[in-house]
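Visitor: Here's a structure for you.
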Number of protein chains: 2
Amino acid sequence: MDNFTFYTPTRYTFGRGAEEKVGEEAQRIGMKRVMVVYGGGSAVRSGLLGRVEKRLEEAGISYVELGGIEPNPTDPKVYEGIDLGRREGIDGLIAVGGGSVIDTAKAIALGIPYDGDFWDFYAGRLVATTALPVGVVLTIPAAGSEGSGNSVITKLDGLHKISLRTESALRPKWALLNPELTFTLPPYQTASGIADMMAHIFERYFSTTPDVEITDRVAEGVLLAIIEEAPKVMAHPDDYQARANIMWSGTLAHNGICGTGRREDWVSHFMEHEISAVYGVTHGAGLAVIIPAWMTFMADHRPEKIAQFGRRVFGVTSHDDRTAAFEGIEALTAFFRSLGLPVSFAELGIKSPDIPLLVKKLHENKGATIGGYYPLTATETMEIYKLAVR
Amino acid sequence: MDNFTFYTPTRYTFGRGAEEKVGEEAQRIGMKRVMVVYGGGSAVRSGLLGRVEKRLEEAGISYVELGGIEPNPTDPKVYEGIDLGRREGIDGLIAVGGGSVIDTAKAIALGIPYDGDFWDFYAGRLVATTALPVGVVLTIPAAGSEGSGNSVITKLDGLHKISLRTESALRPKWALLNPELTFTLPPYQTASGIADMMAHIFERYFSTTPDVEITDRVAEGVLLAIIEEAPKVMAHPDDYQARANIMWSGTLAHNGICGTGRREDWVSHFMEHEISAVYGVTHGAGLAVIIPAWMTFMADHRPEKIAQFGRRVFGVTSHDDRTAAFEGIEALTAFFRSLGLPVSFAELGIKSPDIPLLVKKLHENKGATIGGYYPLTATETMEIYKLAVR
């Protein structure tokens with residue numbers, strides 16, 4: 001086990017009616033004038049936005065709105081938010097939505113008190129330590145951004161999709177999680193969210209750091225719960241209990257608890273970011289394509305942990321690591337398929353992916369050798385992208 | 001799954017040399033003059049106390065000392081600390097030790113800014129919302145107090161051992177966890193600590209709240225890790241990796257993550273508190289006696305969750321719940337024995353326990369009917385105490 005720090009000061013309120021606490025929670029941390037950030041029209045149509053704003057008014061908190069955040073959010077919207085927030089003198093942000101909305105709110109929160117270009121932080125030129133406080137009303141369990149210190153933004157110029165990771169500057173101060181708000185998610189989005197949260201665990205779980213039994217067992221526990229509950233939410237979108245289990249799993253998958261004390265990997269995310277930056281696919285669906293390909297490569301090159309995953313999570317029994325790894329991958333692929341997810345570029349709707357372009361951008365953004373589990377060169381990431389064509 | 005809030009704002013620094021960060025962490029939250037609270041002589045003899053105080057001095061933080069905290073800490077020491085802290089104008093406390101030291105520091109932190117008697121909070125007459133900040137240098141993984149909002153103090157007058165639970169007022173602001181500091185713990189104390197952390201999970205896990213798969217799986221994961229690592233620390237007290245796994249497990253067992261979304265039980269703790277209050281035994285050893293007795297009663301009255309524990313944690317395969325429950329209890333009892341723990345009053349050194357006295361105090365302190373898994377009257381708790389005689 002490696003040395004680590006772990007600091008997750010987000011206050012979660014979970015359950016039916018959680019969003020009704022928005023005024024109370026904003027007040028508790030001294031918010032007086034906030035920016036309410038949201039995505040497309042669903043938050044408006046469902047009445048959620050109205051209810052949130054009513055509660056803010058009742059708590060004596062004024063607000064400005066920033067809507068229209070799209071999936072795979074980009075920098076122009078962040079600049080727009082920074083300008084608006086400065087002009088309006090806001091002291092905090094409330095994200096009503098999923099990962100894209102939350103990540104945009106975080107980027108704005110970071111940019112407002114900073115004199116230079118907010119992209120300096122994403123480009124790694126500066127370490128983020130100060131930001132306006134962010135609160136969250138979560139509507140999509142997937143990105144885990146409601147409990148993480150991370151934010152992923154795409155720079156339109158060059159389509160650089162970059163994940164910024166902070167220890168605590170970008171962790172939301174509070175998050176309101178009502179599983180009922182997820183009943184109306186379309187099946188594809190529900191399934192993609194499930195792939196995304198599983199990926200957040202895999203990126204931490206597939207590690208060469210030895211002697212991390214406690215972290216392994218917690219990570220496997222969250223995976224086991226997701227695999228148990230996912231078919232229920234697909235079959236019955238309004239199954240409150242299954243939605244609740246999935247929602248909380250999504251938070252635990254990415255708040256850091258599954259990664260303590262070890263080197264992490266993150267190659268599947270890096271490889272997927274290039275796909276969604278170039279082809280605009282849903283992040284979780286792209287992950288369902290890349291992860292089995294990445295694991296297949298690893299089964300031949302470093303099978304041990306893939307085998308452990310197969311045995312402990314899918315109950316495969318083969319003694320040989322390589323065999324157990326392949327059986328685990330087969331089970332995972334079947335699981336993704338059962339949720340209606342694509343598991344190849346073709347199924348993702350990309351007939352002839354421009355793999356040389358993806359590889360070029362990947363290593364431009366992330367360096368010549370990437371990944372913590374098994375460091376990969378461009379030759380090897382090319383091989384993994386090819387495994388995903390099928 | 002029930003509605004819940006979850007808020008764990010403790011900043012953990014884990015690993016070799018963690019205690020060297022004490023000045024830095026104290027400074028980060030603005031501590032200027034602190035009370036260093038510790039137990040017997042081992043923190044002095046090992047040089048730990050001196051190193052902590054040196055780091056505080058280097059950070060420009062002055063301190064007063066309060067030593068001599070004993071296991072099963074009592075109220076006179078708390079009053080002494082409150083007087084000392086007020087006289088010396090401290091603005092925070094640093095606990096160097098295990099649960100007793102931390103719990104005493106928390107009680108003092110609560111008492112100093114309060115005009116009345118600090119016992120008002122423990123007696124349930126007032127809700128604790130304000131306290132001086134507490135930091136921790138952990139030396140005993142067991143109580144989980146380094147990450148919990150709880151504190152257990154015994155009132156000498158009447159031997160009332162009471163656990164106070166707060167959402168966040170008593171959560172330490174930071175905790176420094178160096179597994180090396182636990183190498184010198186005597187085997188009995190190591191084993192008792194392991195029983196204590198397992199008990200913290202059981203009290204949350206044995207719940208009738210349905211549909212808590214995610215919380216169940218995380219709890220089972222922590223139990224599995226403990227059961228894997230415990231024999232290693234018993235066999236090799238200076239096995240850093242095993243000690244690290246046990247230490248972090250102890251924190252996760254009690255920071256709340258294993259309890260989200262469900263009614264909890266806590267009867268084993270309540271029943272043990274009476275034993276340690278009257279007979280002065282080590283808390284964890286008392287738990288190793290009471291837990292199998294409590295489970296044995298439950299196997300006959302509400303076996304479902306005991307059976308799930310047996311199957312998922314100890315791999316028992318019986319289809320019948322009652323049988324699986326008894327097999328799980330047998331495996332757990334054998335596990336406790338393998339660590340050198342007592343599993344009966346006799347083995348605990350109490351030949352003829354005064355069970356009527358224990359039952360009387362238990363229900364005086366906790367009410368006529370106690371427990372969340374299967375509410376118990378005095379007749380039933382008497383039966384459980386008797387099962388522990390053997």
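Going by the structure tokens order, chains are called A, B, ..., each with residues numbered from 1, while ligands are numbered from 1 in the order shown.
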For the strand (DSSP E) assignment from backbone DSSP, which residues of region 54-293 of chain B qualify? Please present them as a VMD selection string.
Guide: chain B and resid 62 to 66 92 to 97 134 to 138 150 to 155 160 to 165 174 to 177
Visitor: Using N, CA, C and O atoms, can you export the residues from the last selection as a compact mmCIF listing (two decimals), in the first residue's frame?
Guide:
# COMPACT_ATOMS: atom_id res chain seq x y z
N SER B 62 1.98 26.51 20.05
CA SER B 62 2.31 26.18 21.44
C SER B 62 1.32 25.14 21.96
O SER B 62 0.26 24.92 21.36
N TYR B 63 1.68 24.49 23.08
CA TYR B 63 0.82 23.41 23.56
C TYR B 63 0.91 23.23 25.07
O TYR B 63 1.88 23.63 25.70
N VAL B 64 -0.16 22.66 25.59
CA VAL B 64 -0.14 22.12 26.95
C VAL B 64 -0.43 20.64 26.84
O VAL B 64 -1.01 20.19 25.85
N GLU B 65 -0.01 19.88 27.85
CA GLU B 65 -0.19 18.43 27.81
C GLU B 65 -1.27 17.97 28.78
O GLU B 65 -1.41 18.50 29.87
N LEU B 66 -2.00 16.94 28.35
CA LEU B 66 -2.88 16.22 29.27
C LEU B 66 -2.64 14.73 29.05
O LEU B 66 -3.09 14.17 28.05
N GLY B 92 -7.64 24.31 20.17
CA GLY B 92 -7.81 23.00 19.53
C GLY B 92 -7.13 21.92 20.35
O GLY B 92 -6.43 22.21 21.32
N LEU B 93 -7.40 20.66 19.97
CA LEU B 93 -6.81 19.53 20.69
C LEU B 93 -6.19 18.55 19.71
O LEU B 93 -6.70 18.36 18.60
N ILE B 94 -5.08 17.95 20.14
CA ILE B 94 -4.46 16.92 19.32
C ILE B 94 -4.35 15.66 20.17
O ILE B 94 -3.69 15.65 21.21
N ALA B 95 -5.07 14.63 19.73
CA ALA B 95 -5.07 13.36 20.44
C ALA B 95 -3.97 12.47 19.87
O ALA B 95 -3.93 12.24 18.67
N VAL B 96 -3.07 12.00 20.73
CA VAL B 96 -2.01 11.09 20.31
C VAL B 96 -2.29 9.76 21.00
O VAL B 96 -1.97 9.58 22.18
N GLY B 97 -2.94 8.84 20.28
CA GLY B 97 -3.30 7.58 20.91
C GLY B 97 -4.39 6.85 20.17
O GLY B 97 -4.52 7.00 18.96
N VAL B 134 -10.45 19.08 16.60
CA VAL B 134 -9.61 18.00 17.12
C VAL B 134 -8.81 17.39 15.96
O VAL B 134 -9.36 17.14 14.89
N GLY B 135 -7.52 17.19 16.17
CA GLY B 135 -6.68 16.44 15.24
C GLY B 135 -6.20 15.17 15.92
O GLY B 135 -6.21 15.08 17.15
N VAL B 136 -5.82 14.17 15.13
CA VAL B 136 -5.48 12.86 15.69
C VAL B 136 -4.16 12.33 15.12
O VAL B 136 -3.93 12.40 13.92
N VAL B 137 -3.32 11.82 16.01
CA VAL B 137 -2.19 10.96 15.60
C VAL B 137 -2.54 9.58 16.15
O VAL B 137 -2.49 9.36 17.36
N LEU B 138 -2.92 8.67 15.26
CA LEU B 138 -3.50 7.40 15.69
C LEU B 138 -2.42 6.36 16.01
O LEU B 138 -1.49 6.18 15.21
N ASN B 150 -18.21 10.23 16.87
CA ASN B 150 -18.65 9.64 18.15
C ASN B 150 -17.60 9.80 19.25
O ASN B 150 -16.43 9.98 18.98
N SER B 151 -18.09 9.66 20.48
CA SER B 151 -17.20 9.65 21.64
C SER B 151 -17.89 8.84 22.74
O SER B 151 -19.08 9.01 22.99
N VAL B 152 -17.12 7.96 23.37
CA VAL B 152 -17.67 7.12 24.44
C VAL B 152 -16.96 7.48 25.75
O VAL B 152 -15.74 7.37 25.85
N ILE B 153 -17.73 7.91 26.73
CA ILE B 153 -17.17 8.28 28.04
C ILE B 153 -17.99 7.58 29.13
O ILE B 153 -19.20 7.42 28.98
N THR B 154 -17.30 7.15 30.19
CA THR B 154 -17.98 6.53 31.32
C THR B 154 -18.10 7.53 32.46
O THR B 154 -17.10 8.15 32.85
N LYS B 155 -19.32 7.69 32.97
CA LYS B 155 -19.51 8.53 34.16
C LYS B 155 -19.26 7.64 35.36
O LYS B 155 -19.96 6.65 35.57
N HIS B 160 -21.96 4.74 34.25
CA HIS B 160 -22.72 4.84 33.01
C HIS B 160 -21.75 5.06 31.85
O HIS B 160 -21.13 6.12 31.76
N LYS B 161 -21.59 4.07 30.99
CA LYS B 161 -20.71 4.21 29.82
C LYS B 161 -21.59 4.59 28.64
O LYS B 161 -22.39 3.78 28.16
N ILE B 162 -21.44 5.81 28.17
CA ILE B 162 -22.38 6.33 27.18
C ILE B 162 -21.64 6.73 25.90
O ILE B 162 -20.59 7.36 25.94
N SER B 163 -22.23 6.36 24.76
CA SER B 163 -21.68 6.74 23.46
C SER B 163 -22.48 7.91 22.91
O SER B 163 -23.70 7.83 22.77
N LEU B 164 -21.79 9.00 22.64
CA LEU B 164 -22.42 10.15 22.02
C LEU B 164 -22.12 10.12 20.53
O LEU B 164 -20.98 9.90 20.12
N ARG B 165 -23.16 10.32 19.72
CA ARG B 165 -22.98 10.28 18.27
C ARG B 165 -23.39 11.62 17.68
O ARG B 165 -24.50 12.08 17.90
N TRP B 174 -8.60 16.37 11.08
CA TRP B 174 -7.60 15.61 10.34
C TRP B 174 -7.11 14.46 11.21
O TRP B 174 -7.25 14.50 12.43
N ALA B 175 -6.58 13.46 10.53
CA ALA B 175 -6.04 12.31 11.25
C ALA B 175 -4.80 11.82 10.52
O ALA B 175 -4.80 11.73 9.29
N LEU B 176 -3.76 11.53 11.27
CA LEU B 176 -2.50 11.05 10.72
C LEU B 176 -2.35 9.58 11.09
O LEU B 176 -2.35 9.24 12.28
N LEU B 177 -2.26 8.71 10.07
CA LEU B 177 -2.26 7.27 10.31
C LEU B 177 -0.98 6.65 9.76
O LEU B 177 -0.83 6.49 8.55
Visitor: I'd like a table as a tab-separated table: residues in chain A with an atom no more than 6 Å from chain B, each row giving the shortest atom pair and its distance in Å to one decimal, only C-alpha atoms counted, sorted by chain and rising residue number.
Guide:
residue	atom	partner	partner_atom	distance
A:Asn3	CA	B:Gly15	CA	4.3
A:Phe4	CA	B:Phe14	CA	5.2
A:Thr5	CA	B:Thr13	CA	4.4
A:Phe6	CA	B:Tyr12	CA	5.0
A:Tyr7	CA	B:Arg11	CA	4.5
A:Thr8	CA	B:Pro9	CA	5.9
A:Pro9	CA	B:Pro9	CA	4.0
A:Arg11	CA	B:Tyr7	CA	4.5
A:Tyr12	CA	B:Phe6	CA	5.0
A:Thr13	CA	B:Thr5	CA	4.4
A:Phe14	CA	B:Phe4	CA	5.2
A:Gly15	CA	B:Asn3	CA	4.3
A:Asp211	CA	B:Gln241	CA	6.0
A:Glu213	CA	B:Ala225	CA	5.6
A:Ile214	CA	B:Ala225	CA	5.0
A:Arg217	CA	B:Gly221	CA	4.5
A:Val218	CA	B:Gly221	CA	5.0
A:Gly221	CA	B:Arg217	CA	4.5
A:Ala225	CA	B:Ile214	CA	5.0
A:Gln241	CA	B:Asp211	CA	6.0
A:Asn245	CA	B:Ile214	CA	5.8
Visitor: If you take only C-alpha atoms and a cut-off of 10 Å, which residues of region 153-227 of chain A touch region 333-344 of chain A, and what are their nearest atom pairs and distances in Å to one decimal, in chain and number order, as a tab-separated table?
Guide:
residue	atom	partner	partner_atom	distance
A:Pro187	CA	A:Gly340	CA	8.2
A:Tyr188	CA	A:Gly340	CA	7.0
A:Gln189	CA	A:Leu341	CA	9.6
A:Thr190	CA	A:Leu339	CA	8.9
A:Ala191	CA	A:Leu339	CA	5.8
A:Ser192	CA	A:Leu341	CA	7.0
A:Ile194	CA	A:Leu339	CA	9.0
A:Ala195	CA	A:Phe336	CA	7.5
A:Ile227	CA	A:Phe335	CA	8.0
Visitor: Those same residues, written as a PDB file, in the first residue's frame with all heavy atoms?
Guide:
ATOM      1  N   PRO A 187     -32.991   4.616 -21.411  1.00  0.00           N
ATOM      2  CA  PRO A 187     -32.218   3.391 -21.113  1.00  0.00           C
ATOM      3  C   PRO A 187     -30.743   3.493 -21.519  1.00  0.00           C
ATOM      4  O   PRO A 187     -29.864   3.062 -20.777  1.00  0.00           O
ATOM      5  CB  PRO A 187     -32.935   2.314 -21.946  1.00  0.00           C
ATOM      6  CG  PRO A 187     -34.310   2.837 -22.146  1.00  0.00           C
ATOM      7  CD  PRO A 187     -34.219   4.329 -22.143  1.00  0.00           C
ATOM      8  N   TYR A 188     -30.489   4.094 -22.687  1.00  0.00           N
ATOM      9  CA  TYR A 188     -29.106   4.170 -23.169  1.00  0.00           C
ATOM     10  C   TYR A 188     -28.250   5.009 -22.239  1.00  0.00           C
ATOM     11  O   TYR A 188     -27.089   4.694 -21.959  1.00  0.00           O
ATOM     12  CB  TYR A 188     -29.088   4.759 -24.586  1.00  0.00           C
ATOM     13  CG  TYR A 188     -27.742   4.707 -25.279  1.00  0.00           C
ATOM     14  CD1 TYR A 188     -27.184   3.490 -25.670  1.00  0.00           C
ATOM     15  CD2 TYR A 188     -27.043   5.878 -25.561  1.00  0.00           C
ATOM     16  CE1 TYR A 188     -25.958   3.439 -26.323  1.00  0.00           C
ATOM     17  CE2 TYR A 188     -25.817   5.842 -26.209  1.00  0.00           C
ATOM     18  CZ  TYR A 188     -25.275   4.623 -26.592  1.00  0.00           C
ATOM     19  OH  TYR A 188     -24.063   4.576 -27.248  1.00  0.00           O
ATOM     20  N   GLN A 189     -28.850   6.085 -21.719  1.00  0.00           N
ATOM     21  CA  GLN A 189     -28.109   6.954 -20.815  1.00  0.00           C
ATOM     22  C   GLN A 189     -27.908   6.272 -19.453  1.00  0.00           C
ATOM     23  O   GLN A 189     -26.848   6.385 -18.840  1.00  0.00           O
ATOM     24  CB  GLN A 189     -28.855   8.278 -20.655  1.00  0.00           C
ATOM     25  CG  GLN A 189     -27.920   9.408 -20.268  1.00  0.00           C
ATOM     26  CD  GLN A 189     -28.582  10.764 -20.359  1.00  0.00           C
ATOM     27  OE1 GLN A 189     -29.764  10.879 -20.720  1.00  0.00           O
ATOM     28  NE2 GLN A 189     -27.838  11.797 -20.026  1.00  0.00           N
ATOM     29  N   THR A 190     -28.918   5.562 -19.011  1.00  0.00           N
ATOM     30  CA  THR A 190     -28.781   4.796 -17.767  1.00  0.00           C
ATOM     31  C   THR A 190     -27.640   3.791 -17.892  1.00  0.00           C
ATOM     32  O   THR A 190     -26.768   3.693 -17.015  1.00  0.00           O
ATOM     33  CB  THR A 190     -30.094   4.049 -17.452  1.00  0.00           C
ATOM     34  OG1 THR A 190     -31.130   5.014 -17.228  1.00  0.00           O
ATOM     35  CG2 THR A 190     -29.951   3.171 -16.226  1.00  0.00           C
ATOM     36  N   ALA A 191     -27.653   3.060 -18.989  1.00  0.00           N
ATOM     37  CA  ALA A 191     -26.630   2.026 -19.202  1.00  0.00           C
ATOM     38  C   ALA A 191     -25.241   2.644 -19.339  1.00  0.00           C
ATOM     39  O   ALA A 191     -24.262   2.134 -18.777  1.00  0.00           O
ATOM     40  CB  ALA A 191     -26.973   1.210 -20.442  1.00  0.00           C
ATOM     41  N   SER A 192     -25.147   3.755 -20.066  1.00  0.00           N
ATOM     42  CA  SER A 192     -23.846   4.413 -20.227  1.00  0.00           C
ATOM     43  C   SER A 192     -23.321   4.903 -18.886  1.00  0.00           C
ATOM     44  O   SER A 192     -22.115   4.832 -18.615  1.00  0.00           O
ATOM     45  CB  SER A 192     -23.969   5.593 -21.193  1.00  0.00           C
ATOM     46  OG  SER A 192     -24.353   5.139 -22.473  1.00  0.00           O
ATOM     47  N   ILE A 194     -23.878   3.511 -16.051  1.00  0.00           N
ATOM     48  CA  ILE A 194     -23.405   2.331 -15.317  1.00  0.00           C
ATOM     49  C   ILE A 194     -22.006   1.933 -15.801  1.00  0.00           C
ATOM     50  O   ILE A 194     -21.123   1.621 -14.992  1.00  0.00           O
ATOM     51  CB  ILE A 194     -24.433   1.184 -15.469  1.00  0.00           C
ATOM     52  CG1 ILE A 194     -25.678   1.528 -14.643  1.00  0.00           C
ATOM     53  CG2 ILE A 194     -23.832  -0.153 -15.055  1.00  0.00           C
ATOM     54  CD1 ILE A 194     -26.902   0.704 -14.965  1.00  0.00           C
ATOM     55  N   ALA A 195     -21.783   1.983 -17.111  1.00  0.00           N
ATOM     56  CA  ALA A 195     -20.444   1.677 -17.634  1.00  0.00           C
ATOM     57  C   ALA A 195     -19.427   2.688 -17.113  1.00  0.00           C
ATOM     58  O   ALA A 195     -18.295   2.330 -16.765  1.00  0.00           O
ATOM     59  CB  ALA A 195     -20.460   1.680 -19.164  1.00  0.00           C
ATOM     60  N   ILE A 227     -23.476  -4.678 -10.463  1.00  0.00           N
ATOM     61  CA  ILE A 227     -23.852  -5.791 -11.345  1.00  0.00           C
ATOM     62  C   ILE A 227     -25.170  -6.422 -10.889  1.00  0.00           C
ATOM     63  O   ILE A 227     -25.966  -6.879 -11.707  1.00  0.00           O
ATOM     64  CB  ILE A 227     -22.693  -6.813 -11.401  1.00  0.00           C
ATOM     65  CG1 ILE A 227     -21.534  -6.187 -12.174  1.00  0.00           C
ATOM     66  CG2 ILE A 227     -23.134  -8.128 -12.035  1.00  0.00           C
ATOM     67  CD1 ILE A 227     -20.226  -6.915 -12.039  1.00  0.00           C
TER      68      ILE A 227
END
Visitor: Do you know which residues are at most 7 Å from Arg263 (chain B) counting only C-alpha atoms, after dropping those on the same chain fewer than 2 positions away, and could you put them as a list in words?
Guide: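 Skipping anything fewer than 2 positions along the chain leaves Ser207, Thr209, Asp265 and Gly372 of chain B.
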Visitor: Residues of region 45-225 of chain A in helix (DSSP H, G or I) according to DSSP, as number ranges by chain?
Guide: A: 45, 48-58, 75-88, 99-111, 119-122, 179-182, 187-205, 213-225
Visitor: Select, from A:Glu80, A:Glu20, A:Asp91, A:Asp300, the residue with the minimum atom-to-atom distance to Glu58 (chain A), counting only C-alpha atoms.
Guide: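 Closest to Glu58 (chain A), using only C-alpha atoms: A:Glu20.
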Visitor: Can you pull out every residue within 7 Å of Glu272 (chain A), counting only C-alpha atoms, but drop anything in the same chain fewer than 4 positions away, and send it as a PDB file with C-alpha atoms, in the first residue's frame?
Guide:
ATOM      1  CA  SER A 268      -9.339   3.526 -20.760  1.00  0.00           C
ATOM      2  CA  SER A 276     -15.805  11.202 -27.634  1.00  0.00           C
ATOM      3  CA  HIS A 283     -18.670   8.814 -22.719  1.00  0.00           C
ATOM      4  CA  GLY A 286     -17.296   4.703 -25.495  1.00  0.00           C
ATOM      5  CA  LEU A 287     -15.940   3.165 -22.306  1.00  0.00           C
ATOM      6  CA  ILE A 290     -12.638   0.456 -24.935  1.00  0.00           C
TER       7      ILE A 290
END
Visitor: Using only C-alpha atoms, determine which residues lie at most 8 Å from Met197 (chain B), disregarding the query and same-chain residues fewer than 3 positions distant; provide the list as JSON, numbers by chain.
Guide: {"B": [142, 143, 144, 193, 194, 200, 201, 249, 250, 253, 254]}
Visitor: Create the file for the chosen residues now, containing all heavy atoms and written as a tab-separated table (two decimals), in the first residue's frame.
Guide:
chain	number	residue	atom	x	y	z
B	142	ALA	N	-8.75	0.53	16.03
B	142	ALA	CA	-9.77	-0.22	16.76
B	142	ALA	C	-11.07	0.56	16.83
B	142	ALA	O	-12.05	0.21	16.18
B	142	ALA	CB	-9.29	-0.54	18.17
B	143	ALA	N	-11.04	1.65	17.60
B	143	ALA	CA	-12.27	2.37	17.90
B	143	ALA	C	-12.83	3.11	16.70
B	143	ALA	O	-14.02	3.41	16.64
B	143	ALA	CB	-12.02	3.35	19.04
B	144	GLY	N	-11.97	3.45	15.73
B	144	GLY	CA	-12.44	4.19	14.57
B	144	GLY	C	-12.78	5.64	14.89
B	144	GLY	O	-13.33	6.36	14.06
B	193	GLY	N	-8.62	-4.91	19.03
B	193	GLY	CA	-8.92	-3.85	18.06
B	193	GLY	C	-9.61	-4.40	16.83
B	193	GLY	O	-10.54	-3.79	16.30
B	194	ILE	N	-9.17	-5.56	16.39
B	194	ILE	CA	-9.78	-6.20	15.22
B	194	ILE	C	-11.23	-6.58	15.51
B	194	ILE	O	-12.12	-6.35	14.68
B	194	ILE	CB	-8.93	-7.41	14.79
B	194	ILE	CG1	-7.62	-6.89	14.16
B	194	ILE	CG2	-9.69	-8.31	13.81
B	194	ILE	CD1	-6.53	-7.93	14.03
B	200	HIS	N	-18.02	-2.79	14.64
B	200	HIS	CA	-18.56	-1.55	14.08
B	200	HIS	C	-19.27	-1.80	12.75
B	200	HIS	O	-20.22	-1.10	12.40
B	200	HIS	CB	-17.45	-0.51	13.91
B	200	HIS	CG	-16.90	-0.02	15.20
B	200	HIS	ND1	-15.62	0.44	15.36
B	200	HIS	CD2	-17.47	0.05	16.43
B	200	HIS	CE1	-15.43	0.79	16.63
B	200	HIS	NE2	-16.54	0.55	17.29
B	201	ILE	N	-18.77	-2.79	12.03
B	201	ILE	CA	-19.44	-3.15	10.78
B	201	ILE	C	-20.71	-3.94	11.07
B	201	ILE	O	-21.78	-3.66	10.53
B	201	ILE	CB	-18.48	-3.95	9.86
B	201	ILE	CG1	-17.21	-3.11	9.62
B	201	ILE	CG2	-19.16	-4.30	8.54
B	201	ILE	CD1	-16.11	-3.86	8.92
B	249	SER	N	-8.79	-0.30	7.43
B	249	SER	CA	-10.07	-1.00	7.63
B	249	SER	C	-10.77	-0.49	8.88
B	249	SER	O	-12.00	-0.32	8.89
B	249	SER	CB	-9.84	-2.52	7.78
B	249	SER	OG	-9.30	-3.06	6.60
B	250	GLY	N	-9.98	-0.23	9.92
B	250	GLY	CA	-10.56	0.26	11.17
B	250	GLY	C	-11.24	1.60	11.00
B	250	GLY	O	-12.26	1.89	11.63
B	253	ALA	N	-14.44	1.06	8.86
B	253	ALA	CA	-15.45	0.32	9.62
B	253	ALA	C	-16.37	1.27	10.39
B	253	ALA	O	-17.50	0.92	10.70
B	253	ALA	CB	-14.79	-0.65	10.58
B	254	HIS	N	-15.87	2.47	10.68
B	254	HIS	CA	-16.63	3.32	11.62
B	254	HIS	C	-16.84	4.75	11.14
B	254	HIS	O	-17.35	5.57	11.89
B	254	HIS	CB	-15.91	3.32	12.98
B	254	HIS	CG	-16.78	3.66	14.14
B	254	HIS	ND1	-18.09	3.23	14.27
B	254	HIS	CD2	-16.55	4.40	15.26
B	254	HIS	CE1	-18.60	3.70	15.40
B	254	HIS	NE2	-17.69	4.41	16.01
Visitor: Ranking B:Ala109, B:Leu156, B:Met31, B:Leu185 by minimum distance to Gly81 (chain B) and counting only C-alpha atoms, which one comes first?
Guide: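 Closest residue, counting only C-alpha atoms: B:Ala109.
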Visitor: Give me the residues near Glu327 (chain B) as a list of chain:residue names, where near means some atom within 9 Å (using only C-alpha atoms) and where sequence neighbours in that chain fewer than 6 positions away do not count.
Guide: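 Returned residues: B:Ala307, B:Gly310, B:Arg311, B:Phe314, B:Val316, B:Thr317, B:Ser318.
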Visitor: Would you save the residues of that selection, restricted to N, CA, C and O atoms, as a JSON list (two decimals), in the first residue's frame?
Guide:
[["chain", "number", "residue", "atom", "x", "y", "z"],
["B", 307, "ALA", "N", -27.27, -15.32, 8.10],
["B", 307, "ALA", "CA", -26.98, -16.30, 7.05],
["B", 307, "ALA", "C", -26.24, -15.66, 5.88],
["B", 307, "ALA", "O", -25.27, -16.20, 5.36],
["B", 310, "GLY", "N", -22.72, -15.23, 6.81],
["B", 310, "GLY", "CA", -22.00, -16.51, 6.74],
["B", 310, "GLY", "C", -21.64, -16.87, 5.31],
["B", 310, "GLY", "O", -20.52, -17.29, 5.02],
["B", 311, "ARG", "N", -22.59, -16.68, 4.42],
["B", 311, "ARG", "CA", -22.37, -17.07, 3.02],
["B", 311, "ARG", "C", -21.37, -16.15, 2.33],
["B", 311, "ARG", "O", -20.44, -16.62, 1.67],
["B", 314, "PHE", "N", -17.87, -15.74, 5.02],
["B", 314, "PHE", "CA", -17.12, -16.96, 5.35],
["B", 314, "PHE", "C", -17.37, -18.08, 4.34],
["B", 314, "PHE", "O", -16.89, -19.20, 4.54],
["B", 316, "VAL", "N", -19.90, -19.96, 3.63],
["B", 316, "VAL", "CA", -20.70, -21.15, 3.96],
["B", 316, "VAL", "C", -21.76, -21.33, 2.87],
["B", 316, "VAL", "O", -22.17, -20.37, 2.22],
["B", 317, "THR", "N", -22.16, -22.57, 2.66],
["B", 317, "THR", "CA", -22.97, -22.86, 1.47],
["B", 317, "THR", "C", -24.36, -23.42, 1.78],
["B", 317, "THR", "O", -25.13, -23.67, 0.86],
["B", 318, "SER", "N", -24.66, -23.62, 3.05],
["B", 318, "SER", "CA", -25.97, -24.21, 3.36],
["B", 318, "SER", "C", -27.10, -23.34, 2.82],
["B", 318, "SER", "O", -27.06, -22.12, 2.92]]
Visitor: Within 12 Å of Pro76 (chain B), counting only C-alpha atoms, which residues show up once you throw out same-chain ones fewer than 6 positions away? Write them as a list of chain:residue names, please.
Guide: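 Skipping anything fewer than 6 positions along the chain leaves B:Gly68, B:Ile69, B:Glu70, B:Ile82, B:Asp83, B:Thr104, B:Ala107, B:Ile108, B:Asp117, B:Phe118, B:Trp119, B:Ile153, B:Thr154, B:Lys155, B:Leu156, B:Asp157.
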